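In what follows, a structure is listed as structure tokens, so that the remarks can point back to it.
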Amino acid sequence: MLYEATYCGILTVTSDDPDEVFQPEKAIEVAVDSMSEELLKLDNIIDPVIGGSLGSGDLRITLATMADDPVTALKYIDASLRSAFLAAEVGTPNWPAVDFDQVAFSKIRVVPDESAVDADNGLVGI
């Protein structure tokens, strides 16, 4: 089954170099580009989408994966997202240790079977 999850958050960037003319928007753009490249390399992630605002650092990341159940899907998606952050050299020292068996799944979406998708008209028969 195809599952999709969306993460929303704020990416903050800083510089430790006092002599650098720091451009936060450019740093966020570079990080997002690196994250996108990493997500596109991962076999278990389907059509990753990253949106948001470079100015504020607000990010909305939607990832989809095939799995037998929502717990397995969230494990794949969570690991893939962290991999993307690490590839972008974004620190994740306090990455939430989530017990996915205890997560309420009101925020994960089951995507209709491919047979329900019409290439010209989008979703049909729903």
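Starting from 1 in every chain, residues are counted up; chains themselves are A, B, ... following the order of the structure tokens, and ligands are numbered from 1 as listed.
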Give me the residues within 12 Å of Gly52 of chain A as an MDAnalysis selection string, counting only C-alpha atoms and dropping any in the same chain fewer than 5 places off. chainID A and resid 7:11 25 28:29 32 57:62
To one decimal in Å, tell me the separation between atom CA of Met1 of chain A and atom CA of Ala64 of chain A.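 Interatomic distance here is 10.3 Å.
Considering the residues A:Asn44, A:Ser53, A:Val30, A:Phe85 and counting only C-alpha atoms, Ala73 of chain A has its shortest atom-to-atom contact with A:Asn44.
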Which of segment 5-76 of chain A fall in strand (DSSP E or B), as a list in words: Ala5, Thr6, Tyr7, Cys8, Gly9, Ile10, Ile46, Asp47, Pro48, Val49, Ile50, Gly51, Gly52, Asp58, Leu59, Arg60, Ile61, Thr62, Leu63, Ala64, Thr65 and Met66 of chain A
Would you output that residue set with C-alpha atoms, as a short mmCIF file (atom, residue, chain, number, x, y, z; two decimals), in the first residue's frame?
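Below is the file that was written, selection_7.cif:
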data_model
loop_
_atom_site.label_atom_id
_atom_site.label_comp_id
_atom_site.auth_asym_id
_atom_site.auth_seq_id
_atom_site.Cartn_x
_atom_site.Cartn_y
_atom_site.Cartn_z
CA ALA A 5 3.28 11.66 5.44
CA THR A 6 3.89 15.40 5.66
CA TYR A 7 6.31 17.01 8.08
CA CYS A 8 6.12 20.72 8.86
CA GLY A 9 8.80 22.68 10.68
CA ILE A 10 11.27 25.52 10.66
CA ILE A 46 8.32 8.05 -4.06
CA ASP A 47 8.02 11.60 -5.45
CA PRO A 48 9.34 13.64 -2.50
CA VAL A 49 8.03 17.21 -2.27
CA ILE A 50 9.71 20.04 -0.34
CA GLY A 51 8.00 23.41 -0.16
CA GLY A 52 8.08 26.43 2.08
CA ASP A 58 9.34 27.22 7.11
CA LEU A 59 9.42 23.82 5.43
CA ARG A 60 6.71 21.37 4.43
CA ILE A 61 8.13 18.02 3.37
CA THR A 62 5.85 15.33 1.95
CA LEU A 63 7.22 11.83 1.47
CA ALA A 64 5.50 8.70 0.21
CA THR A 65 6.53 5.06 0.37
CA MET A 66 5.17 1.59 -0.28
#
Excluding Glu38 of chain A and any residue of its chain fewer than 4 positions from it, enumerate the residues within 8 Å of it, using only C-alpha atoms, and give them as a PyMOL selection string. chain A and resi 34+42+83-84+87
